[in-house]
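J.: First, the structure itself, so that you have it in front of you.
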Amino acid sequence: MSNLDCQSASEIVIFGAMGDLSCRKLLPALYQLEVCGLINKDSRIVGAARQDHTLEEFKSVVVENLNKYVKETIDEAVLTRFINRLVYQALEFKDSSSFNKLNDALAGGNDTRVYYFSTPPAIYGDICKGLHHANLITDADRVVMEKPIGHSLESSIEINNQVSEYFKENQTYRIDHYLGKETVLNLLVLRFANSLFTNNWDRNSIDHVQITVAESVGIEGRWGFYDEAGQLRDMVQNHLLQILSLLAMEPPADLSAESVRAEKLKVVKALKAINRENIKDKAIRGQYSDGFLNGVSVPGYLNEEGANANSNTETFVAIKAEIDNWRWKGVPFYLRTGKRMPKKHSEIVVHFKQQPHNIFKDSYSDLPANKLTIRLQPDEGVELQMMNKIPGIASQMRIQENKLDLSFSDTYNDERVVDAYERLMLEVLNGNQSLFVSRDEVEAAWIWADSIIEAWKTTNEAPKPYAAGSWGPVSSISLIARDDRQWVE
Ligand code: BG6
């Protein structure tokens, strides 16, 4: 990981600068880095987008969005410094000759450039061609790509090939914003800085693991985009597999990008294939129907604005993932993610094995196993469920299940929760790839995900309905109940 030194100067060019991601996440993240003094004083931020705007108009859009999306009070002196870095360039992405204007805009600036592709992936190739045409690519430059990187293995290869014609792998930063979340980063610390866990992190001590990433939001006006993807492509192929890899990987030799990414890749490659033979027992897909969230009625997926009533796209997925290696043989990782679930709630629960013999039968006939809960968001924290003696003189020992609860907001209440994009932007500026996804990882993840999608196509079964505001279809409960286990609610 980076230290917090201010990196050398570079031009930060955001393609799609007027878009939602840029306004909601990227520009506020850069502003926060400015607050922390982590952007080199000579760096400029260049917004590039299709629309014609004057610099003054761009600046006012940026200020408006900072006011909207930065939670803390805006510091006027910092804002002035930040605004002075801004440059705007209108570009026709598909027309290479229009990139000459970008060349003019960058003239006299820093030699190192960070190109952030915050556009649909379909035009990544055009942007690369345009940059090349205008002589704007050197070995010192970096390119940042947003997900989705493709729709399948084939399309991801196509996108990666288009970009790799102009940028080498060590210049390429593929974003999975979950890797920038504090609690996801903390998985490394939890696992490798605590011998208690490091030495009990395998099939001998762990019974199974549950990973839940639930969202209460629905499709939020992007029905067309979402319907092409579905929850498996949108969340599982990337975010959930990244969490799974960090949880299951072997200890990397160090924190370098090579070491961490190589270990994560081995996990994804060791995932047992889910295919038409085993899909019914291993993967469930659901689609939300009309229901209630916090007492308010909300429409089902097929009744959302812009919906095609025949869509078979899944908004919920539950999977029993198995890792075919020495460490994890026989330890299922149950994954569950969906839209319109009762609340935004993401957590990992590691269920340790039960004690082989119970000497406390008189007071507790069935000793519960230890559980480690890692609350990813919101209410970030780590919780360890364990048995304890209830104090007292009674001759019969009374014992109880209690928890050690490390709540991040209570423990680190002076610290601001850093947004994932701030961390990731900083790592790009520092040239550290360890929190970015390698091409091999993306492709291995697609191989696994494609097989599930293919199997669903062949079974031809519609996704199981679940009421908006519930925890998913009944069959997702059966998926885990078949193994005599249950989801933690
Ligand atoms: C995005 C998905 O990658 O992650 C969205 O495309 C999803 O559908 C979002 O809502 C969830 O991110 P977070 O940080 O709110 O958990």
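As shown in the structure tokens, the chain order sets the letters A, B, ...; within each chain, residues go from 1, and ligands are also counted from 1 in the order they appear.
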Please identify the residues whose atoms come within 9 Å of ligand 1, using only C-alpha atoms and all ligand atoms, and report them as a list in words.
T.: Lys147, Pro148, Asp176, His177, Tyr178, Lys181, Val213, Ala214, Glu215, Val217, Gly218, Ile219, Glu220, Tyr226, Gly230, Gln231, Arg233, Asp234, Met235, Asn238, His239, Lys339, Lys344, His345, Ser346, Gln377, Asp419 and Ala420 of chain A
J.: Write the residues of the selection above to a file with N, CA and C atoms, as a CSV table (one decimal), in the first residue's frame.
T.:
```csv
chain,number,residue,atom,x,y,z
A,147,LYS,N,-15.4,-0.8,-13.9
A,147,LYS,CA,-16.2,-2.0,-14.2
A,147,LYS,C,-17.5,-1.5,-14.9
A,148,PRO,N,-18.3,-2.3,-15.6
A,148,PRO,CA,-18.0,-3.7,-15.9
A,148,PRO,C,-16.9,-3.8,-17.0
A,176,ASP,N,-12.2,-2.1,-8.8
A,176,ASP,CA,-13.4,-2.8,-8.2
A,176,ASP,C,-13.5,-2.0,-6.9
A,177,HIS,N,-14.5,-1.1,-6.8
A,177,HIS,CA,-14.4,-0.2,-5.7
A,177,HIS,C,-14.5,-0.8,-4.3
A,178,TYR,N,-14.9,-2.1,-4.2
A,178,TYR,CA,-14.9,-2.8,-2.9
A,178,TYR,C,-13.5,-2.9,-2.4
A,181,LYS,N,-12.6,-0.2,0.0
A,181,LYS,CA,-13.4,0.0,1.3
A,181,LYS,C,-12.5,-0.3,2.5
A,213,VAL,N,-24.2,-9.5,0.7
A,213,VAL,CA,-24.1,-8.0,0.3
A,213,VAL,C,-25.5,-7.7,-0.1
A,214,ALA,N,-26.3,-7.1,0.8
A,214,ALA,CA,-27.7,-6.8,0.6
A,214,ALA,C,-27.8,-5.3,0.4
A,215,GLU,N,-28.7,-5.0,-0.6
A,215,GLU,CA,-29.0,-3.5,-0.8
A,215,GLU,C,-30.5,-3.3,-0.8
A,217,VAL,N,-31.9,-0.6,-2.1
A,217,VAL,CA,-32.2,0.1,-3.3
A,217,VAL,C,-32.7,-0.9,-4.4
A,218,GLY,N,-33.4,-0.3,-5.4
A,218,GLY,CA,-33.8,-1.1,-6.5
A,218,GLY,C,-32.9,-0.8,-7.7
A,219,ILE,N,-33.5,-0.4,-8.8
A,219,ILE,CA,-32.7,-0.3,-10.0
A,219,ILE,C,-32.3,1.2,-10.2
A,220,GLU,N,-32.9,2.1,-9.5
A,220,GLU,CA,-32.6,3.5,-9.5
A,220,GLU,C,-32.5,4.1,-10.9
A,226,TYR,N,-29.1,-2.2,-16.2
A,226,TYR,CA,-29.1,-3.3,-15.3
A,226,TYR,C,-29.7,-4.6,-15.9
A,230,GLY,N,-27.7,-7.9,-14.7
A,230,GLY,CA,-28.2,-8.8,-13.7
A,230,GLY,C,-27.2,-8.9,-12.5
A,231,GLN,N,-27.7,-9.4,-11.4
A,231,GLN,CA,-26.9,-9.3,-10.2
A,231,GLN,C,-25.7,-10.2,-10.2
A,233,ARG,N,-23.6,-10.6,-12.8
A,233,ARG,CA,-22.5,-9.9,-13.5
A,233,ARG,C,-22.2,-8.6,-12.7
A,234,ASP,N,-23.3,-8.0,-12.2
A,234,ASP,CA,-23.1,-6.6,-11.6
A,234,ASP,C,-22.4,-6.7,-10.2
A,235,MET,N,-22.6,-7.8,-9.5
A,235,MET,CA,-22.1,-7.8,-8.1
A,235,MET,C,-21.2,-9.0,-7.8
A,238,ASN,N,-17.6,-9.6,-9.6
A,238,ASN,CA,-16.5,-8.7,-9.2
A,238,ASN,C,-16.5,-8.6,-7.7
A,239,HIS,N,-17.4,-7.8,-7.1
A,239,HIS,CA,-17.3,-7.5,-5.7
A,239,HIS,C,-17.3,-8.7,-4.8
A,339,LYS,N,-30.9,-6.9,-4.7
A,339,LYS,CA,-31.5,-5.6,-4.6
A,339,LYS,C,-32.8,-5.7,-3.9
A,344,LYS,N,-29.7,-2.0,3.7
A,344,LYS,CA,-28.3,-2.1,3.1
A,344,LYS,C,-27.5,-2.7,4.2
A,345,HIS,N,-26.9,-3.8,3.9
A,345,HIS,CA,-26.2,-4.6,5.0
A,345,HIS,C,-25.3,-5.6,4.3
A,346,SER,N,-24.0,-5.4,4.6
A,346,SER,CA,-23.0,-6.3,4.0
A,346,SER,C,-22.1,-6.8,5.1
A,377,GLN,N,-20.5,-3.0,5.9
A,377,GLN,CA,-21.2,-1.7,5.8
A,377,GLN,C,-22.6,-1.9,6.0
A,419,ASP,N,-13.8,7.3,1.8
A,419,ASP,CA,-14.6,6.6,0.8
A,419,ASP,C,-13.6,5.8,-0.1
A,420,ALA,N,-14.2,4.7,-0.6
A,420,ALA,CA,-13.3,3.8,-1.4
A,420,ALA,C,-12.6,4.5,-2.5
```
J.: Using only C-alpha atoms, which residues of segment 390-458 of chain A come within 10 Å of segment 140-144 of chain A, and what is the closest atom pair for each, with the distance in Å to one decimal? Give it as CSV, sorted by chain and residue number.
T.:
```
residue,atom,partner,partner_atom,distance
A:Leu424,CA,A:Val144,CA,10.0
A:Met425,CA,A:Val144,CA,9.3
A:Val428,CA,A:Arg142,CA,7.8
A:Leu429,CA,A:Arg142,CA,8.8
A:Gly431,CA,A:Arg142,CA,8.1
A:Phe436,CA,A:Val144,CA,9.3
```
J.: Env of Val78 of chain A: 8 Å cut, atoms = only C-alpha atoms, seq-sep filter 3 positions within chain, self excluded. Answer as JSON, numbers by chain.
T.: {"A": [34, 35, 74, 75, 81, 82]}
J.: Can you list every residue in segment 70-106 of chain A that DSSP puts in helix (DSSP H, G or I), as a PyMOL selection string?
T.: chain A and resi 76-83+96-106
J.: When you count only C-alpha atoms, which of these residues is closest to Glu169 of chain A: A:Asp139, A:Ile477, A:Tyr124, A:Lys59?
T.: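 Between A:Asp139, A:Ile477, A:Tyr124, A:Lys59, the residue approaching Glu169 of chain A most closely is A:Asp139.
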J.: Under the rule that only C-alpha atoms are counted, which of A:Ser152, A:Asn161, A:Gln32, A:Ser97 is the nearest residue to Gly125 of chain A?
T.: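 Ranking A:Ser152, A:Asn161, A:Gln32, A:Ser97 by distance to Gly125 of chain A, first place goes to A:Asn161.
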J.: If you count only C-alpha atoms, which residues fall within 9 Å of Ile83 of chain A, apart from same-chain ones fewer than 2 positions away, as a short mmCIF file (atom, residue, chain, number, x, y, z; two decimals) with N, CA, C and O atoms, in the first residue's frame?
T.:
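So around-v5.cif came out as:
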```
data_model
loop_
_atom_site.label_atom_id
_atom_site.label_comp_id
_atom_site.auth_asym_id
_atom_site.auth_seq_id
_atom_site.Cartn_x
_atom_site.Cartn_y
_atom_site.Cartn_z
N ILE A 45 -6.43 18.81 -13.01
CA ILE A 45 -7.52 17.85 -13.22
C ILE A 45 -8.26 18.28 -14.47
O ILE A 45 -8.82 19.39 -14.54
N LYS A 59 -16.52 24.40 -13.89
CA LYS A 59 -16.20 24.68 -12.48
C LYS A 59 -17.47 24.75 -11.65
O LYS A 59 -17.53 24.23 -10.54
N VAL A 62 -18.80 21.36 -10.94
CA VAL A 62 -17.98 20.67 -9.94
C VAL A 62 -18.34 21.19 -8.53
O VAL A 62 -18.59 20.40 -7.61
N VAL A 63 -18.42 22.49 -8.39
CA VAL A 63 -18.72 23.06 -7.06
C VAL A 63 -20.09 22.57 -6.57
O VAL A 63 -20.25 22.16 -5.42
N VAL A 78 -9.44 25.43 0.51
CA VAL A 78 -9.13 24.18 -0.21
C VAL A 78 -9.88 24.15 -1.53
O VAL A 78 -9.33 23.79 -2.58
N LEU A 79 -11.14 24.59 -1.48
CA LEU A 79 -11.96 24.58 -2.69
C LEU A 79 -11.31 25.47 -3.77
O LEU A 79 -11.21 25.09 -4.93
N THR A 80 -10.83 26.62 -3.37
CA THR A 80 -10.21 27.52 -4.34
C THR A 80 -8.99 26.85 -4.97
O THR A 80 -8.80 26.87 -6.19
N ARG A 81 -8.18 26.21 -4.13
CA ARG A 81 -7.00 25.51 -4.65
C ARG A 81 -7.43 24.43 -5.65
O ARG A 81 -6.85 24.27 -6.72
N ARG A 85 -7.19 23.99 -10.22
CA ARG A 85 -6.53 22.90 -10.97
C ARG A 85 -7.34 22.49 -12.20
O ARG A 85 -6.87 21.73 -13.02
N LEU A 86 -8.62 22.91 -12.24
CA LEU A 86 -9.52 22.35 -13.26
C LEU A 86 -9.28 22.89 -14.66
O LEU A 86 -8.98 24.08 -14.84
N VAL A 87 -9.42 21.99 -15.60
CA VAL A 87 -9.35 22.34 -17.03
C VAL A 87 -10.52 21.59 -17.65
O VAL A 87 -10.89 20.52 -17.16
#
```
J.: Going by DSSP on the backbone, which residues of segment 100-179 of chain A come out as strand (DSSP E or B)? List them as a PyMOL selection string.
T.: chain A and resi 113-117+142-145+172-174
J.: Within 8 Å of Ala90 of chain A, counting only C-alpha atoms, which residues qualify if same-chain residues fewer than 3 places away don't, as a compact mmCIF listing (two decimals) with all heavy atoms, in the first residue's frame?
T.:
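Here's the written file result_35.txt:
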```
# COMPACT_ATOMS: atom_id res chain seq x y z
N ALA A 48 -12.91 15.76 -19.36
CA ALA A 48 -13.17 15.62 -20.79
C ALA A 48 -14.53 14.97 -20.95
O ALA A 48 -14.82 13.97 -20.28
CB ALA A 48 -12.09 14.75 -21.44
N ALA A 49 -15.35 15.57 -21.78
CA ALA A 49 -16.69 15.01 -22.01
C ALA A 49 -17.18 15.48 -23.36
O ALA A 49 -16.55 16.33 -24.00
CB ALA A 49 -17.64 15.45 -20.90
N ARG A 50 -18.30 14.89 -23.79
CA ARG A 50 -18.81 15.22 -25.13
C ARG A 50 -19.35 16.64 -25.21
O ARG A 50 -19.18 17.31 -26.22
CB ARG A 50 -19.96 14.27 -25.45
CG ARG A 50 -19.50 12.89 -25.78
CD ARG A 50 -20.38 12.30 -26.87
NE ARG A 50 -19.82 11.03 -27.29
CZ ARG A 50 -20.18 9.87 -26.75
NH1 ARG A 50 -21.09 9.83 -25.81
NH2 ARG A 50 -19.63 8.74 -27.16
N GLN A 51 -20.00 17.06 -24.12
CA GLN A 51 -20.72 18.34 -24.17
C GLN A 51 -19.77 19.53 -24.28
O GLN A 51 -18.68 19.50 -23.70
CB GLN A 51 -21.57 18.54 -22.90
CG GLN A 51 -22.54 17.42 -22.59
CD GLN A 51 -21.90 16.32 -21.73
OE1 GLN A 51 -20.71 16.05 -21.81
NE2 GLN A 51 -22.72 15.68 -20.93
N ASP A 52 -20.22 20.57 -25.01
CA ASP A 52 -19.45 21.82 -25.06
C ASP A 52 -19.75 22.60 -23.79
O ASP A 52 -20.90 22.86 -23.48
CB ASP A 52 -19.92 22.67 -26.26
CG ASP A 52 -19.17 22.25 -27.51
OD1 ASP A 52 -17.98 21.90 -27.39
OD2 ASP A 52 -19.80 22.25 -28.59
N HIS A 53 -18.71 22.93 -23.06
CA HIS A 53 -18.89 23.75 -21.85
C HIS A 53 -17.70 24.68 -21.75
O HIS A 53 -16.59 24.31 -22.16
CB HIS A 53 -18.89 22.88 -20.57
CG HIS A 53 -20.15 22.13 -20.37
ND1 HIS A 53 -21.35 22.74 -20.13
CD2 HIS A 53 -20.40 20.79 -20.37
CE1 HIS A 53 -22.29 21.82 -19.99
NE2 HIS A 53 -21.73 20.63 -20.14
```
J.: Select, from A:Gly16, A:Gly300, A:Gly130, A:Gly180, the residue with the minimum atom-to-atom distance to Ile243 of chain A, counting only C-alpha atoms.
T.: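 Among the listed residues, A:Gly180 lies closest to Ile243 of chain A.
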J.: Would you pick out the contacts of segment 457-460 of chain A at 12 Å or less, using only C-alpha atoms, so that residues sharing its chain but fewer than 4 positions from it are not included, and give the list as JSON, numbers by chain?
T.: {"A": [275, 276, 277, 278, 279, 280, 283, 284, 285, 312, 313, 314, 450, 451, 452, 453]}
J.: Name all residues at most 7 Å from segment 441-444 of chain A (count only C-alpha atoms; drop same-chain ones fewer than 2 positions away) and give them as a list of chain:residue names.
T.: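 My reading of the contact set: A:Leu153, A:Leu265, A:Val268, A:Lys269, A:Val437, A:Ser438, A:Arg439, A:Trp446, A:Ile447, A:Trp448.
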J.: Let me make sure I understand: among A:Asp126, A:Glu182, A:Leu435, A:Ile12, which one has the smallest atom-to-atom distance to Arg416 of chain A if we use only C-alpha atoms?
T.: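 For Arg416 of chain A, the nearest of the given residues is A:Glu182.
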J.: Do you have the atom CA of Leu187 of chain A-atom CA of Pro251 of chain A distance handy?
T.: 11.8 Å
